[in-house]
Structure formats: structure tokens, C-alpha cells
Amino acid sequence: MRQSKLFTKTRRSAPKDEISKSAQYLIRAGFIHKQMAGVYTLLPLGLMTMKKIEQVIREEMNKIGGVELSLTALQDPEVWKKTDRWDDDKVDNWFKTKLKNGTQLGLGFTHEEPLTEIMTNHIHSYKDLPIYAYQFQTKFRNELRAKSGILRGREFLMKDLYSFSKNQKEHDEFYKKAQEAYKNIFHRLGIGDRTYMTFASGGVFSQFSHEFQTLTETGEDTIFVDEKKKIAVNKEVCTDEILAELGLSRKNLKEVRAIEVGNIFNLGTRFSEPLSLVFDDEKGEKHPVIMGSYGIGLGRVMGTLAEVLSDEKGLVWPAEASPFAVHLINVSPEEEAAVKTAEDFYENLVANGLSVLYDDRKMAVGEKLADADLIGIKTQIIVGAKSIQSGEFEIRDRQTGSIKKMSEADILKGKFAKA
RNA sequence: CGGAGCGUGGUGUAACGGCUAACAUGUCUGCUUUGGGAGCAGAUGACUCAGGGUUCGAAUCCCUGCGCUCCGACCA
């Protein structure tokens with residue numbers, strides 16, 4: 001994409017009503033626009049970043065047998081009444097609305113109920129199981145207090161996968177796989193080393209749920225981490241008894257703040273029983289399906305990347321979440337030869353299948369480079385009068401700042417991405 | 001939902017109860033400049049969140065509402 005066509009403008013200063021670093025940078029760089037508290041529009045760069053994150057998650061979900069679908073945001077109260085989650089006393093963050101005829105509707109804050117109900121049409125026999133269904137979908141939660149920009153919103157995109165298994169053993173095996181998939185996801189997104197699988201309270205059907213907590217001062221959870229074992233325990237369940245059970249010692253634990261970027265938990269038959277999701281086993285006996293749910297908030301992940309990977313100059317995206325693979329910057333926009341070289345180069349990069357943001361704007365160099373650093377695309381390629389003379393282009397890594405020089409032919413072969 | 005704070009051009013800030021609401025930045029024009037947010041000149045742009053009140057006089061004081069931020073509670 002030509003940057004001259006990218007209508008969003010970068011800003012020198014952040015709006016005063018955003019304190020969180022991630023929100024400030026995302027707004028300054030033109031990734032998001034605040035519509036109201038806790039509600040943010042994704043601008044082109046933000047959307048592209050979100051799609052990159054989504055694709056990483058999709059690949060890892062598919063790898064463990066996930067099948068993608070898309071449920072509705074509008075929810076019929078009936079199914080939620082069956083599981084006793086419609087009353088505001090039971091669930092206090094519903095957004096509710098009405099049809100013209102007065103019938104009440106809800107805007108989904110999660111999707112166990114509708115999916116479980118749908119599955120009654122498709123699960124009849126043990127031969128139908130297991131099933132792993134997931135979606136990327138907008139959730140609505142009427143939070144009393146939205147927070148930290150995109151980190152805790154009232155409308156946000158979430159990946160939610162639900163597992164349907166015929167017995168506990170089958171469920172447990174998948175649960176383990178899901179843990180590994182989540183580790184892969186956060187590793188690929190560049191926060192693997194600071195994201196801890198964390199034991200948290202598990203609800204009715206199991207002792208624990210597992211949260212994936214990314215260490216950051218601005219996180220809203222307090223957890224205790226064992227750095228050697230790469231495991232953490234949420235403060236809410238951190239008792240001596242539980243530590244003993246987990247084989248952890250309090251003296252190896254460090255108290256830190258973290259943000260929950262994902263969580264997985266056992267649902268048992270909490271939903272399959274009230275919604276009559278049952279199957280026949282080999283003997284023709286009926287059993288309720290064993291379920292689990294596995295969530296990742298994409299906006300929160302994007303915000304977390306912005307929060308923990310950015311530096312004093314702006315955003316720093318990991319390769320797999322970078323809105324573009326390459327930021328091509330012409331630093332001599334007034335020189336004909338440089339313009340021609342940059343234009344040709346841009347066409348060639350795109351023809352080679354690379355996603356490129358091409359800064360073709362006629363602006364002072366310093367401003368273009370400052371913009372590039374603020375936007376934070378992983379690889380910057382700098383074209384100017386100097387590079388025409390030498391026949392080599394500068395490849396600058398946004399994160400490390402290291403500069404390599406490389407010929408066009410090598411760049412087109414993708415060599416810059418290696419090492 | 002409890003507590004605290006804040007609403008002034010697009011953005012960030014300033015202005016004792018008193019002159020035509022100031023400065024920076026942005027935007028637009030022209031000239032100049034081009035490898036890290038350059039310079040000069042001119043222009044544009046605000047019923048000071050809304051409504052009420054006090055006062056000769058309100059951005060400023062008071063009340064109500066709305067919005068926003070932060071701390072806490074909550075977070076299936």
C-alpha cells in the first residue's frame with residue numbers, strides 16, 4: 001500500500017484522556033480510533049495487525065483440529081434461561097435490547113449456550129465426537145469500568161473455541177494440546193518468554209482453569225511466577241495448600257503484575273446437561289458431552305503487544321503481527337532517480353508476494369523516519385540517493401535498530417527476513 | 001458500583017472574577033530545504049461539554065446533567 005493513500009495521520013501527541021502506553025501509541029500511529037470509553041474503531045493499520053494476529057491463532061487452532069464457524073452476536077434469551085445465565089443477577093454485564101415487538105434480545109458476551117444448542121443437531125453418537133469448533137467474533141460486555149484503552153473494552157474481538165468430548169480422558173488430552181497451542185501462539189507473537197501459564201480458580205467442574213498471563217506493570221492481575229518452571233499461580237488461588245499440590249515453593253515465587261491474554265477452562269457438563277447435549281455410547285447408553293472453552297481476546301493481545309514490545313520511539317511489532325512485512329521508505333522523494341528506483345522496487349516487492357507499506361510521500365526525511373518508527377513495522381527498507389550510488393539498500397530492523405546493506409536481488413529473495 | 005480528578009480551536013497546553021480567550025502543534029498558500037520531526041512569510045481554525053444560577057461582569061465561583069481518566073470492587 002502506498003502511504004500517500006493511507007488516510008490516517010500520525011500525531012505528535014496523544015490525546016490526554018489516554019494514559020495507557022499502548023492506547024497512546026496505537027492512537028498516535030493511527031491504528032485505532034476511540035469511539036467512546038471502551039469502544040474503539042480499527043483503522044486500516046489496526047485492522048491489518050488484527051488480521052495478522054487472527055491468522056496466527058487460526059493456524060494454531062486448525063493444527064489441533066479446530067473447525068471455524070461464526071455464531072451470531074444477537075442472542076435469544078430462551079437458551080440462556082435454560083442455563084440460568086440470563087438474569088442480570090446472575091450475569092451483570094449483559095447488553096440487552098429489544099425487537100420492535102418487545103421481545104428481549106441479548107448481545108453475546110460469550111457463546112457456550114448457542115453453540116451447545118447448535119451441537120444438539122450434530123452430535124448424536126460417540127462416533128461424532130470429539131468436535132472442536134471455534135470462531136472469531138465480537139463480544140459485548142457491559143463493563144462497569146472500561147480500562148487502559150483497548151486492553152479492557154466493552155466491544156472486542158475474541159477467538160473462542162469450544163471442545164466437545166465423549167469422556168474425561170479425551171477431554172484432558174485435548175486440553176493439554178490446547179495449552180501447547182496457546183504457548184505456540186504467544187511465542188509466535190513475540191511474547192512467549194514473558195507469558196506464563198497460570199493456575200487460576202476453576203469453577204464448578206475442575207479445581208483449576210488456566211490463564212495465560214503476560215508480565216507487564218500495567219496488568220490488572222497479580223500473579224506469582226516460578227521463573228524456572230515457567231508456571232504461575234494467580235493470587236486468587238495462591239494458598240499454601242495449593243502450592244504444595246502444584247509442587248511449588250513460595251520462596252521460588254515472585255509477585256508480579258500481568259495481563260490475561262488468554263484462558264482455557266473445563267466446563268464439564270455445565271452446559272451440555274441443561275441443554276440436553278447428549279450422545280449414545282457403544283452400548284446405546286446416553287451421556288452428556290464433556291465440554292471445555294478456550295478464549296483469546298484479540299484486541300487485548302494487540303494492546304499487550306503494543307504495551308510490552310514498544311519503545312520510546314513507538315510501536316514495535318513482531319514479524320508475525322506486523323501490519324506489513326516491509327516498510328519501504330524513500331528518503332529522497334525530490335530526486336527523480338530515487339523516486340524511480342523506489343517505485344520499481346515497490347512493484348517488485350509486491351510482485352514477490354511481500355506486503356509492503358511504501359512511503360511515497362513528499363516530506364522531510366526526519367518526519368518519514370519518525371513516522372516509520374512510530375508505526376513499528378518490523379523491517380524498514382530505506383531507499384535514497386545514497387542507495388542508488390552504492391546499489392545496495394539499507395535494511396533496518398525496527399526492534400534492534402541494526403542496519404544491514406543488501407542488494408535488491410537478495411532482498412527480493414527474502415534474505416532480509418533471515419538471521 | 002464506591003472514591004478521586006478532569007472537560008478551552010483537529011491535537012497538546014495557558015489565561016487573578018475584568019481588554020478582541022493566549023501559545024505550540026496541525027491544516028492551507030507561497031518561497032526555501034531534503035539521510036532523523038528544518039526555516040521564513042501569510043492564512044485558517046474555539047458560542048471555553050450542555051443547561052441553570054451568583055455577579056455590573058464567568059473559561060474561572062455554585063448547582064444539575066452528560067462525557068472522559070485514574071484508584072478500588074467486578075471480570076463466567
# chains A, B, ... in the order shown; residues from 1 in each chain; ligands from 1
>>> residues_around(residues="region 251-254 of chain A", least_positions_apart="6", cutoff="6 Å", atoms="only C-alpha atoms (C1' of nucleotides)", output="list of chain:residue names")
A:Phe224, A:Val225, A:Asp226
>>> write_last_selection(atoms="N, CA and C atoms", output="PDB file, in the first residue's frame")
ATOM      1  N   PHE A 224       1.781 -14.988  40.917  1.00  0.00           N
ATOM      2  CA  PHE A 224       3.064 -15.387  41.479  1.00  0.00           C
ATOM      3  C   PHE A 224       3.731 -16.335  40.491  1.00  0.00           C
ATOM      4  N   VAL A 225       4.906 -15.961  40.013  1.00  0.00           N
ATOM      5  CA  VAL A 225       5.546 -16.783  38.989  1.00  0.00           C
ATOM      6  C   VAL A 225       6.741 -17.544  39.552  1.00  0.00           C
ATOM      7  N   ASP A 226       6.880 -18.762  39.027  1.00  0.00           N
ATOM      8  CA  ASP A 226       8.089 -19.540  39.252  1.00  0.00           C
ATOM      9  C   ASP A 226       8.834 -19.513  37.928  1.00  0.00           C
TER      10      ASP A 226
END
>>> interface_residues(of="chain A", to="chain B", cutoff="6 Å", atoms="only C-alpha atoms (C1' of nucleotides)", output="list in words")
Asp17, Ala364, Gly366 and Glu367 of chain A
>>> atom_distance(atom1="CA of Ser165 (chain A)", atom2="CA of Phe199 (chain A)")
22.5 Å
>>> residues_around(residues="Lys340 (chain A)", least_positions_apart="5", cutoff="12 Å", atoms="only C-alpha atoms (C1' of nucleotides)", output="ChimeraX atom specification")
/A:330,332-335,345-347,360,383-385,388
>>> write_last_selection(atoms="C-alpha atoms", output="CSV table (one decimal), in the first residue's frame")
chain,number,residue,atom,x,y,z
A,330,ASN,CA,12.0,6.7,0.0
A,332,SER,CA,14.9,11.3,-1.3
A,333,PRO,CA,11.4,12.0,-2.6
A,334,GLU,CA,12.6,15.0,-4.6
A,335,GLU,CA,15.1,13.2,-6.6
A,345,PHE,CA,11.4,-1.7,-6.1
A,346,TYR,CA,7.9,-1.4,-4.6
A,347,GLU,CA,6.4,-3.1,-7.6
A,360,ASP,CA,6.0,7.7,-1.3
A,383,VAL,CA,15.9,3.9,-0.4
A,384,GLY,CA,17.5,7.2,-1.3
A,385,ALA,CA,20.2,8.9,-3.3
A,388,ILE,CA,21.3,4.4,-5.8
>>> atom_distance(atom1="CA of Tyr25 (chain A)", atom2="CA of Ala232 (chain A)")
29.3 Å
>>> select_by_dssp(residues="region 45-286 of chain A", states="helix (DSSP H, G or I)", output="MDAnalysis selection string")
chainID A and resid 45:63 77:82 112:119 126:128 149:151 168:188 192:194 235:237 240:246 250:252
